[in-house]
>>> print(open('structure-v1.pdb').read())   # PDB, C-alpha atoms
MODEL        1
ATOM      1  CA  MET A   1      67.938 -19.368   9.209
ATOM      2  CA  THR A   2      67.921 -18.725  12.933
ATOM      3  CA  GLU A   3      69.545 -20.971  15.520
ATOM      4  CA  LYS A   4      66.203 -22.341  16.691
ATOM      5  CA  GLN A   5      65.098 -23.480  13.221
ATOM      6  CA  LYS A   6      66.192 -26.947  12.093
ATOM      7  CA  ARG A   7      66.567 -28.408   8.651
ATOM      8  CA  SER A   8      64.062 -31.005   7.553
ATOM      9  CA  LYS A   9      64.972 -34.672   7.263
ATOM     10  CA  SER A  10      64.556 -34.620   3.488
ATOM     11  CA  HIS A  11      67.387 -32.099   3.213
ATOM     12  CA  TYR A  12      69.931 -34.553   4.661
ATOM     13  CA  ILE A  13      68.566 -37.485   2.629
ATOM     14  CA  GLN A  14      68.907 -35.549  -0.620
ATOM     15  CA  ASN A  15      72.473 -34.516   0.211
ATOM     16  CA  LYS A  16      73.376 -38.126   0.974
ATOM     17  CA  LYS A  17      71.972 -39.349  -2.341
ATOM     18  CA  ARG A  18      73.707 -36.544  -4.196
ATOM     19  CA  ALA A  19      77.043 -37.438  -2.621
ATOM     20  CA  LYS A  20      76.692 -41.081  -3.719
ATOM     21  CA  THR A  21      75.840 -40.205  -7.303
ATOM     22  CA  GLN A  22      78.707 -37.720  -7.534
ATOM     23  CA  GLY A  23      81.394 -40.113  -6.340
ATOM     24  CA  ARG A  24      81.142 -39.370  -2.629
ATOM     25  CA  GLY A  25      81.735 -35.684  -3.262
ATOM     26  CA  ARG A  26      85.082 -36.173  -5.077
ATOM     27  CA  LEU A  27      84.271 -34.575  -8.423
ATOM     28  CA  GLY A  28      86.506 -34.937 -11.442
ATOM     29  CA  LEU A  29      87.689 -38.504 -10.721
ATOM     30  CA  GLU A  30      87.324 -41.302 -13.219
ATOM     31  CA  GLU A  31      85.502 -44.491 -12.301
ATOM     32  CA  LEU A  32      87.249 -47.829 -11.924
ATOM     33  CA  LYS A  33      87.383 -49.582 -15.312
ATOM     34  CA  THR A  34      88.919 -52.669 -16.864
ATOM     35  CA  SER A  35      92.083 -52.865 -18.976
ATOM     36  CA  THR A  36      94.063 -50.667 -16.607
ATOM     37  CA  LYS A  37      97.030 -51.182 -14.328
ATOM     38  CA  GLY A  38      97.860 -49.496 -11.083
ATOM     39  CA  ILE A  39      98.285 -49.819  -7.332
ATOM     40  CA  ILE A  40      95.748 -50.520  -4.595
ATOM     41  CA  ALA A  41      96.366 -48.551  -1.400
ATOM     42  CA  THR A  42      94.431 -49.156   1.796
ATOM     43  CA  ALA A  43      94.355 -46.641   4.632
ATOM     44  CA  ASN A  44      94.204 -47.158   8.374
ATOM     45  CA  PHE A  45      91.651 -44.451   9.076
ATOM     46  CA  LEU A  46      92.536 -41.302   7.109
ATOM     47  CA  ASP A  47      92.007 -41.359   3.340
ATOM     48  CA  TYR A  48      93.578 -38.048   2.389
ATOM     49  CA  GLY A  49      96.632 -38.740   4.556
ATOM     50  CA  CYS A  50      97.146 -42.096   2.832
ATOM     51  CA  ARG A  51      96.698 -40.492  -0.585
ATOM     52  CA  ARG A  52      99.334 -37.862   0.153
ATOM     53  CA  GLU A  53     101.821 -40.449   1.426
ATOM     54  CA  VAL A  54     101.402 -42.843  -1.497
ATOM     55  CA  PHE A  55     101.793 -40.164  -4.167
ATOM     56  CA  SER A  56     104.883 -38.857  -2.402
ATOM     57  CA  LEU A  57     106.412 -42.355  -2.292
ATOM     58  CA  LEU A  58     105.703 -43.032  -5.960
ATOM     59  CA  ASP A  59     107.120 -39.697  -7.106
ATOM     60  CA  ASP A  60     110.281 -40.094  -5.009
ATOM     61  CA  PHE A  61     111.095 -43.593  -6.244
ATOM     62  CA  CYS A  62     110.302 -42.805  -9.872
ATOM     63  CA  ALA A  63     112.478 -39.687  -9.747
ATOM     64  CA  ALA A  64     115.345 -41.700  -8.260
ATOM     65  CA  GLU A  65     115.201 -44.223 -11.111
ATOM     66  CA  GLU A  66     115.318 -41.605 -13.831
ATOM     67  CA  LYS A  67     118.789 -40.611 -14.985
ATOM     68  CA  PRO A  68     119.463 -37.007 -16.015
ATOM     69  CA  ALA A  69     119.781 -36.695 -19.776
ATOM     70  CA  ALA A  70     122.977 -35.287 -21.237
ATOM     71  CA  THR A  71     122.598 -31.716 -22.496
ATOM     72  CA  ASP A  72     124.640 -29.876 -25.106
ATOM     73  CA  GLY A  73     126.757 -26.976 -23.999
ATOM     74  CA  ASN A  74     125.245 -24.649 -26.612
ATOM     75  CA  GLN A  75     121.632 -25.432 -25.712
ATOM     76  CA  GLU A  76     119.631 -22.326 -25.005
ATOM     77  CA  VAL A  77     118.128 -21.608 -21.615
ATOM     78  CA  ASP A  78     114.616 -21.302 -23.026
ATOM     79  CA  ASP A  79     114.763 -24.808 -24.451
ATOM     80  CA  GLU A  80     115.891 -26.210 -21.119
ATOM     81  CA  ILE A  81     113.063 -24.487 -19.267
ATOM     82  CA  ALA A  82     110.493 -25.731 -21.789
ATOM     83  CA  LYS A  83     111.838 -29.253 -21.451
ATOM     84  CA  GLU A  84     111.606 -29.144 -17.649
ATOM     85  CA  ILE A  85     108.028 -27.881 -17.817
ATOM     86  CA  ALA A  86     107.077 -30.712 -20.189
ATOM     87  CA  GLU A  87     108.640 -33.256 -17.831
ATOM     88  CA  LEU A  88     106.733 -31.841 -14.860
ATOM     89  CA  LYS A  89     103.446 -32.067 -16.774
ATOM     90  CA  ALA A  90     104.216 -35.672 -17.715
ATOM     91  CA  GLU A  91     104.909 -36.540 -14.071
ATOM     92  CA  LYS A  92     101.532 -35.174 -13.009
ATOM     93  CA  LYS A  93      99.732 -37.424 -15.488
ATOM     94  CA  ARG A  94     101.821 -40.467 -14.633
ATOM     95  CA  PHE A  95      99.681 -41.432 -11.622
ATOM     96  CA  GLN A  96      95.957 -40.726 -11.457
ATOM     97  CA  LEU A  97      93.556 -41.317  -8.602
ATOM     98  CA  VAL A  98      90.513 -43.418  -9.535
ATOM     99  CA  ASP A  99      87.268 -43.339  -7.600
ATOM    100  CA  THR A 100      86.426 -46.723  -6.041
ATOM    101  CA  THR A 101      83.524 -45.332  -3.918
ATOM    102  CA  LEU A 102      84.965 -47.277  -0.970
ATOM    103  CA  ASN A 103      86.198 -45.996   2.341
ATOM    104  CA  ASN A 104      89.848 -46.550   3.256
ATOM    105  CA  MET A 105      90.664 -47.973  -0.177
ATOM    106  CA  MET A 106      91.900 -46.182  -3.272
ATOM    107  CA  PHE A 107      93.195 -47.192  -6.680
ATOM    108  CA  ILE A 108      95.993 -45.255  -8.369
ATOM    109  CA  ALA A 109      96.100 -45.857 -12.110
ATOM    110  CA  VAL A 110      99.491 -45.923 -13.828
ATOM    111  CA  SER A 111      99.307 -44.399 -17.300
ATOM    112  CA  ASP A 112     103.029 -44.641 -18.065
ATOM    113  CA  SER A 113     103.713 -47.810 -20.061
ATOM    114  CA  SER A 114     107.346 -47.943 -18.888
ATOM    115  CA  ILE A 115     106.326 -48.418 -15.240
ATOM    116  CA  GLU A 116     105.456 -51.903 -13.998
ATOM    117  CA  PRO A 117     103.402 -51.681 -10.786
ATOM    118  CA  CYS A 118     104.626 -55.044  -9.439
ATOM    119  CA  GLN A 119     108.283 -54.099  -9.816
ATOM    120  CA  LEU A 120     107.762 -50.593  -8.476
ATOM    121  CA  VAL A 121     105.937 -51.669  -5.301
ATOM    122  CA  HIS A 122     108.448 -54.469  -4.687
ATOM    123  CA  LYS A 123     111.306 -51.979  -4.949
ATOM    124  CA  ILE A 124     109.621 -49.517  -2.588
ATOM    125  CA  LEU A 125     109.020 -52.102   0.132
ATOM    126  CA  SER A 126     112.441 -53.731  -0.289
ATOM    127  CA  THR A 127     114.193 -50.372  -0.041
ATOM    128  CA  LEU A 128     112.299 -49.394   3.092
ATOM    129  CA  ARG A 129     113.155 -52.752   4.632
ATOM    130  CA  GLU A 130     116.860 -52.458   3.787
ATOM    131  CA  LYS A 131     117.212 -48.864   4.970
ATOM    132  CA  LYS A 132     114.886 -49.420   7.949
ATOM    133  CA  GLU A 133     112.949 -46.247   7.235
ATOM    134  CA  ARG A 134     109.337 -45.390   7.962
ATOM    135  CA  LYS A 135     107.853 -42.920   5.502
ATOM    136  CA  THR A 136     104.142 -43.589   5.999
ATOM    137  CA  ARG A 137     101.710 -43.197   8.846
ATOM    138  CA  PHE A 138      98.215 -43.666   7.430
ATOM    139  CA  THR A 139      98.950 -46.254   4.703
ATOM    140  CA  GLN A 140      98.317 -49.920   5.490
ATOM    141  CA  ARG A 141      98.902 -51.938   2.295
ATOM    142  CA  LEU A 142     100.297 -51.400  -1.191
ATOM    143  CA  LEU A 143      99.100 -54.058  -3.647
ATOM    144  CA  PRO A 144     100.187 -53.847  -7.292
ATOM    145  CA  VAL A 145      97.728 -54.550 -10.099
ATOM    146  CA  SER A 146      99.148 -55.571 -13.464
ATOM    147  CA  HIS A 147      95.887 -56.753 -15.113
ATOM    148  CA  THR A 148      92.201 -55.919 -14.729
ATOM    149  CA  CYS A 149      89.146 -57.554 -16.255
ATOM    150  CA  TYR A 150      85.433 -58.082 -15.762
ATOM    151  CA  ALA A 151      84.616 -60.015 -12.599
ATOM    152  CA  SER A 152      83.564 -63.328 -14.167
ATOM    153  CA  LEU A 153      85.198 -66.753 -14.085
ATOM    154  CA  ASP A 154      85.878 -66.885 -17.830
ATOM    155  CA  ASP A 155      87.509 -63.450 -17.932
ATOM    156  CA  ILE A 156      89.539 -64.131 -14.794
ATOM    157  CA  LYS A 157      90.843 -67.398 -16.312
ATOM    158  CA  LYS A 158      91.944 -65.676 -19.521
ATOM    159  CA  THR A 159      93.576 -62.828 -17.627
ATOM    160  CA  ALA A 160      95.353 -65.203 -15.232
ATOM    161  CA  LEU A 161      96.687 -67.219 -18.182
ATOM    162  CA  ALA A 162      98.176 -64.124 -19.835
ATOM    163  CA  MET A 163      99.516 -62.787 -16.534
ATOM    164  CA  THR A 164     101.267 -65.927 -15.230
ATOM    165  CA  LYS A 165     102.963 -66.959 -18.474
ATOM    166  CA  ASP A 166     106.208 -65.135 -17.725
ATOM    167  CA  GLN A 167     106.607 -66.573 -14.231
ATOM    168  CA  PHE A 168     105.394 -70.163 -14.718
ATOM    169  CA  HIS A 169     105.982 -71.040 -18.391
ATOM    170  CA  ASN A 170     109.212 -72.963 -17.856
ATOM    171  CA  LYS A 171     110.432 -76.261 -16.444
ATOM    172  CA  THR A 172     111.602 -74.830 -13.135
ATOM    173  CA  PRO A 173     109.341 -75.890 -10.245
ATOM    174  CA  LYS A 174     107.588 -73.012  -8.526
ATOM    175  CA  THR A 175     105.549 -72.575  -5.368
ATOM    176  CA  PHE A 176     102.611 -70.208  -5.403
ATOM    177  CA  GLY A 177      99.734 -69.007  -3.289
ATOM    178  CA  ILE A 178      96.430 -67.405  -4.256
ATOM    179  CA  PHE A 179      95.023 -64.648  -2.047
ATOM    180  CA  PHE A 180      91.508 -63.436  -2.734
ATOM    181  CA  LYS A 181      89.507 -60.448  -1.497
ATOM    182  CA  SER A 182      86.089 -59.276  -2.680
ATOM    183  CA  ARG A 183      84.321 -55.990  -1.952
ATOM    184  CA  ASN A 184      80.776 -55.043  -2.918
ATOM    185  CA  ASN A 185      80.343 -58.155  -5.059
ATOM    186  CA  SER A 186      78.302 -61.219  -4.167
ATOM    187  CA  SER A 187      77.929 -62.759  -7.628
ATOM    188  CA  ILE A 188      81.218 -64.660  -7.615
ATOM    189  CA  SER A 189      82.489 -66.969  -4.888
ATOM    190  CA  ARG A 190      85.968 -67.161  -3.436
ATOM    191  CA  ASP A 191      86.363 -70.923  -3.847
ATOM    192  CA  ASP A 192      85.408 -70.871  -7.529
ATOM    193  CA  VAL A 193      87.946 -68.165  -8.342
ATOM    194  CA  ILE A 194      90.774 -69.880  -6.444
ATOM    195  CA  LYS A 195      90.080 -73.234  -8.127
ATOM    196  CA  ALA A 196      89.929 -71.645 -11.571
ATOM    197  CA  VAL A 197      93.221 -69.746 -11.169
ATOM    198  CA  ALA A 198      94.976 -72.730  -9.569
ATOM    199  CA  GLY A 199      93.881 -74.888 -12.502
ATOM    200  CA  VAL A 200      95.399 -72.397 -14.935
ATOM    201  CA  VAL A 201      98.739 -72.284 -13.116
ATOM    202  CA  THR A 202      99.068 -76.086 -12.859
ATOM    203  CA  ASP A 203      97.762 -76.880 -16.359
ATOM    204  CA  ASN A 204      99.889 -79.517 -18.111
ATOM    205  CA  GLU A 205      99.521 -77.979 -21.575
ATOM    206  CA  THR A 206     100.656 -74.475 -20.711
ATOM    207  CA  PHE A 207     102.600 -74.755 -17.454
ATOM    208  CA  ALA A 208     104.661 -77.332 -15.599
ATOM    209  CA  GLU A 209     102.594 -79.815 -13.664
ATOM    210  CA  PHE A 210     105.006 -79.727 -10.735
ATOM    211  CA  ASN A 211     104.007 -76.215  -9.592
ATOM    212  CA  LYS A 212     102.809 -76.614  -6.013
ATOM    213  CA  VAL A 213     100.711 -74.557  -3.642
ATOM    214  CA  HIS A 214     102.537 -73.173  -0.608
ATOM    215  CA  LEU A 215     100.511 -70.638   1.361
ATOM    216  CA  ASP A 216     102.985 -70.111   4.214
ATOM    217  CA  ASN A 217     105.918 -68.883   2.136
ATOM    218  CA  PRO A 218     105.207 -68.977  -1.619
ATOM    219  CA  GLU A 219     107.750 -67.967  -4.203
ATOM    220  CA  TYR A 220     105.035 -66.138  -6.118
ATOM    221  CA  ALA A 221     101.794 -64.781  -4.702
ATOM    222  CA  ILE A 222      98.816 -64.289  -7.005
ATOM    223  CA  ILE A 223      96.710 -61.479  -5.548
ATOM    224  CA  ILE A 224      93.100 -61.127  -6.699
ATOM    225  CA  ASN A 225      90.945 -58.183  -5.605
ATOM    226  CA  ILE A 226      87.378 -57.737  -6.806
ATOM    227  CA  VAL A 227      85.650 -54.377  -6.438
ATOM    228  CA  LYS A 228      82.080 -54.343  -7.717
ATOM    229  CA  THR A 229      82.339 -55.619 -11.313
ATOM    230  CA  VAL A 230      86.106 -55.239 -11.796
ATOM    231  CA  ALA A 231      88.683 -57.930 -10.984
ATOM    232  CA  MET A 232      92.240 -56.738 -10.314
ATOM    233  CA  LEU A 233      95.124 -59.240 -10.467
ATOM    234  CA  GLY A 234      98.841 -59.147  -9.812
ATOM    235  CA  VAL A 235     101.795 -61.510  -9.249
ATOM    236  CA  VAL A 236     104.312 -60.491  -6.584
ATOM    237  CA  LYS A 237     107.479 -61.906  -5.039
ATOM    238  CA  ASP A 238     108.688 -62.059  -1.415
ATOM    239  CA  PHE A 239     105.131 -61.988  -0.113
ATOM    240  CA  LYS A 240     106.069 -63.438   3.270
ATOM    241  CA  LEU A 241     109.336 -61.518   3.586
ATOM    242  CA  LEU A 242     107.626 -58.162   2.980
ATOM    243  CA  CYS A 243     104.828 -58.869   5.502
ATOM    244  CA  LYS A 244     102.231 -59.596   2.810
ATOM    245  CA  TYR A 245     102.888 -56.141   1.338
ATOM    246  CA  ASN A 246     101.639 -54.522   4.531
ATOM    247  CA  ILE A 247     103.783 -51.415   4.680
ATOM    248  CA  ASP A 248     102.486 -50.488   8.123
ATOM    249  CA  GLU A 249     103.455 -53.872   9.598
ATOM    250  CA  LEU A 250     106.772 -53.861   7.737
ATOM    251  CA  THR A 251     107.955 -50.468   8.995
ATOM    252  CA  LYS A 252     106.216 -50.180  12.361
ATOM    253  CA  SER A 253     109.469 -50.793  14.271
ATOM    254  CA  TYR A 254     111.438 -48.336  12.135
ATOM    255  CA  THR A 255     111.806 -44.659  12.875
ATOM    256  CA  ALA A 256     111.137 -41.824  10.485
ATOM    257  CA  PRO A 257     114.114 -39.750   9.340
ATOM    258  CA  VAL A 258     114.548 -36.740  11.615
ATOM    259  CA  ARG A 259     116.320 -33.535  10.763
ATOM    260  CA  LYS A 260     119.635 -33.130  12.556
ATOM    261  CA  GLU A 261     119.768 -30.171  14.909
ATOM    262  CA  VAL A 262     123.051 -28.405  15.597
ATOM    263  CA  LYS A 263     123.792 -28.444  19.314
ATOM    264  CA  VAL A 264     125.787 -25.586  20.823
ATOM    265  CA  ALA A 265     127.925 -26.332  23.864
ATOM    266  CA  ASP A 266     127.393 -24.365  27.064
ATOM    267  CA  ASN A 267     130.924 -22.908  27.095
ATOM    268  CA  VAL A 268     130.747 -21.820  23.409
ATOM    269  CA  VAL A 269     129.155 -18.467  22.630
ATOM    270  CA  SER A 270     127.628 -17.961  19.195
ATOM    271  CA  ALA A 271     128.507 -15.021  16.936
ATOM    272  CA  ASP A 272     125.076 -13.462  17.389
ATOM    273  CA  LYS A 273     125.413 -13.479  21.148
ATOM    274  CA  GLU A 274     128.895 -11.936  20.929
ATOM    275  CA  SER A 275     127.642  -9.138  18.696
ATOM    276  CA  GLU A 276     124.757  -8.431  21.073
ATOM    277  CA  GLU A 277     127.090  -8.276  24.074
ATOM    278  CA  SER A 278     129.474  -5.958  22.230
ATOM    279  CA  LYS A 279     126.598  -3.606  21.381
ATOM    280  CA  VAL A 280     125.555  -3.470  25.017
ATOM    281  CA  GLU A 281     129.102  -2.676  26.152
ATOM    282  CA  GLU A 282     129.396   0.118  23.598
ATOM    283  CA  THR A 283     126.223   1.812  24.787
ATOM    284  CA  LYS A 284     127.172   1.780  28.489
ATOM    285  CA  PRO A 285     129.864   4.568  28.419
ATOM    286  CA  GLU A 286     127.577   6.886  26.462
ATOM    287  CA  SER A 287     124.827   6.570  29.059
ATOM    288  CA  ILE A 288     127.302   7.302  31.869
ATOM    289  CA  ALA A 289     128.643  10.381  30.073
ATOM    290  CA  THR A 290     125.208  11.845  29.579
ATOM    291  CA  ASN A 291     124.451  11.338  33.227
ATOM    292  CA  ASP A 292     127.587  13.245  34.219
ATOM    293  CA  LYS A 293     126.649  16.187  32.028
ATOM    294  CA  GLU A 294     123.181  16.394  33.497
ATOM    295  CA  VAL A 295     124.584  16.357  37.016
TER     296      VAL A 295
ENDMDL
END
>>> encode(input="structure-v1.pdb", output="structure tokens")
Amino acid sequence: MTEKQKRSKSHYIQNKKRAKTQGRGRLGLEELKTSTKGIIATANFLDYGCRREVFSLLDDFCAAEEKPAATDGNQEVDDEIAKEIAELKAEKKRFQLVDTTLNNMMFIAVSDSSIEPCQLVHKILSTLREKKERKTRFTQRLLPVSHTCYASLDDIKKTALAMTKDQFHNKTPKTFGIFFKSRNNSSISRDDVIKAVAGVVTDNETFAEFNKVHLDNPEYAIIINIVKTVAMLGVVKDFKLLCKYNIDELTKSYTAPVRKEVKVADNVVSADKESEESKVEETKPESIATNDKEV
């Protein structure tokens, strides 16, 4: 094709349709399904930058929690290498990216049953707040998802009942807030979902009737995100303290860790410089001697 020739309009339309049917060009990714748990990550403007940051954060914090297992002194080297390889393979399958077909939003499924997304995200944000570190640039929010179901009122009620039992099934008064967000779904309304979940939390038969709504600073925040036909729910703590789980807002005033550079004083000469100067001084007499012979 020469520079003057142009592609037809149908060529671009077909490529656009093909990209939509193939998951926006990201082949090999599973679609968002129910009965999974994970973490919602939203990006400021760069998807792949956010994806790289979130996976790095999750791997670092999970590796810090794991304690090294005690090994026998007579264990062979081959067994140790095989064990390390198996652990590395398990880490790769621990977090999997799921295709949401949405821009600036991704869902990372957690396949490890020992990892609770709500506890993990809370620990990440709390640690960054305590240490005053900024480890992300393109990530905006990290929202944990402990339960998923079909996006209908009946299924959301059942899932909310099973999810909030641990936090609200006691006689201690609690304050809570419900935060709802829907994407690519117009079949279910925000008010209906909030009323249904609030009725479950304040039900006299299952929970204490003195649980109150407090949107400004709730003790527990019930986060509901609906993407197409999937409803994702999670219960988190310190929602106000951690800037509504907005990692960008939480760490915007913090500085990223910088590598320390060794400064050399002006009056101190390094070993390399001394060796270079000594080499130059050694070569000077030889040059003078050769000049005398030639003369």
>>> atom_distance(input="structure-v1.pdb", atom1="CA of Cys149 in chain A", atom2="CA of Ala231 in chain A")
5.3 Å
>>> closest_residue(input="structure-v1.pdb", among="A:Asp60, A:Thr172, A:Cys118, A:Val230", to="Glu31 in chain A", atoms="all atoms listed in the file")
A:Val230
>>> residues_around(input="structure-v1.pdb", residues="Met106 in chain A", least_positions_apart="5", cutoff="10 Å", atoms="all atoms listed in the file", output="list in words")
Leu32, Ile39, Ile40, Ala41, Thr42, Ala43, Asp47, Cys50, Arg51, Leu97, Val98, Asp99, Thr100 and Thr101 of chain A
>>> resolve_selection(input="structure-v1.pdb", expression="the PyMOL selection byres ((chain A and resi 224) around 10)", output="list of chain:residue names")
A:Leu143, A:Val145, A:His147, A:Thr148, A:Ile156, A:Ala160, A:Ile178, A:Phe179, A:Phe180, A:Lys181, A:Ser182, A:Arg190, A:Val193, A:Ile194, A:Val197, A:Ala221, A:Ile222, A:Ile223, A:Asn225, A:Ile226, A:Ala231, A:Met232, A:Leu233, A:Gly234, A:Val235
>>> write_last_selection(input="structure-v1.pdb", atoms="C-alpha atoms", output="tab-separated table (two decimals), in the frame of the given file")
chain	number	residue	atom	x	y	z
A	143	LEU	CA	99.10	-54.06	-3.65
A	145	VAL	CA	97.73	-54.55	-10.10
A	147	HIS	CA	95.89	-56.75	-15.11
A	148	THR	CA	92.20	-55.92	-14.73
A	156	ILE	CA	89.54	-64.13	-14.79
A	160	ALA	CA	95.35	-65.20	-15.23
A	178	ILE	CA	96.43	-67.40	-4.26
A	179	PHE	CA	95.02	-64.65	-2.05
A	180	PHE	CA	91.51	-63.44	-2.73
A	181	LYS	CA	89.51	-60.45	-1.50
A	182	SER	CA	86.09	-59.28	-2.68
A	190	ARG	CA	85.97	-67.16	-3.44
A	193	VAL	CA	87.95	-68.17	-8.34
A	194	ILE	CA	90.77	-69.88	-6.44
A	197	VAL	CA	93.22	-69.75	-11.17
A	221	ALA	CA	101.79	-64.78	-4.70
A	222	ILE	CA	98.82	-64.29	-7.00
A	223	ILE	CA	96.71	-61.48	-5.55
A	225	ASN	CA	90.94	-58.18	-5.60
A	226	ILE	CA	87.38	-57.74	-6.81
A	231	ALA	CA	88.68	-57.93	-10.98
A	232	MET	CA	92.24	-56.74	-10.31
A	233	LEU	CA	95.12	-59.24	-10.47
A	234	GLY	CA	98.84	-59.15	-9.81
A	235	VAL	CA	101.80	-61.51	-9.25
>>> atom_distance(input="structure-v1.pdb", atom1="CA of Pro218 in chain A", atom2="CA of Thr175 in chain A")
5.2 Å
>>> atom_distance(input="structure-v1.pdb", atom1="CA of Ser56 in chain A", atom2="CA of Thr255 in chain A")
17.7 Å
>>> closest_residue(input="structure-v1.pdb", among="A:Lys212, A:Lys195, A:Lys171, A:His122", to="Phe239 in chain A", atoms="all atoms listed in the file")
A:His122
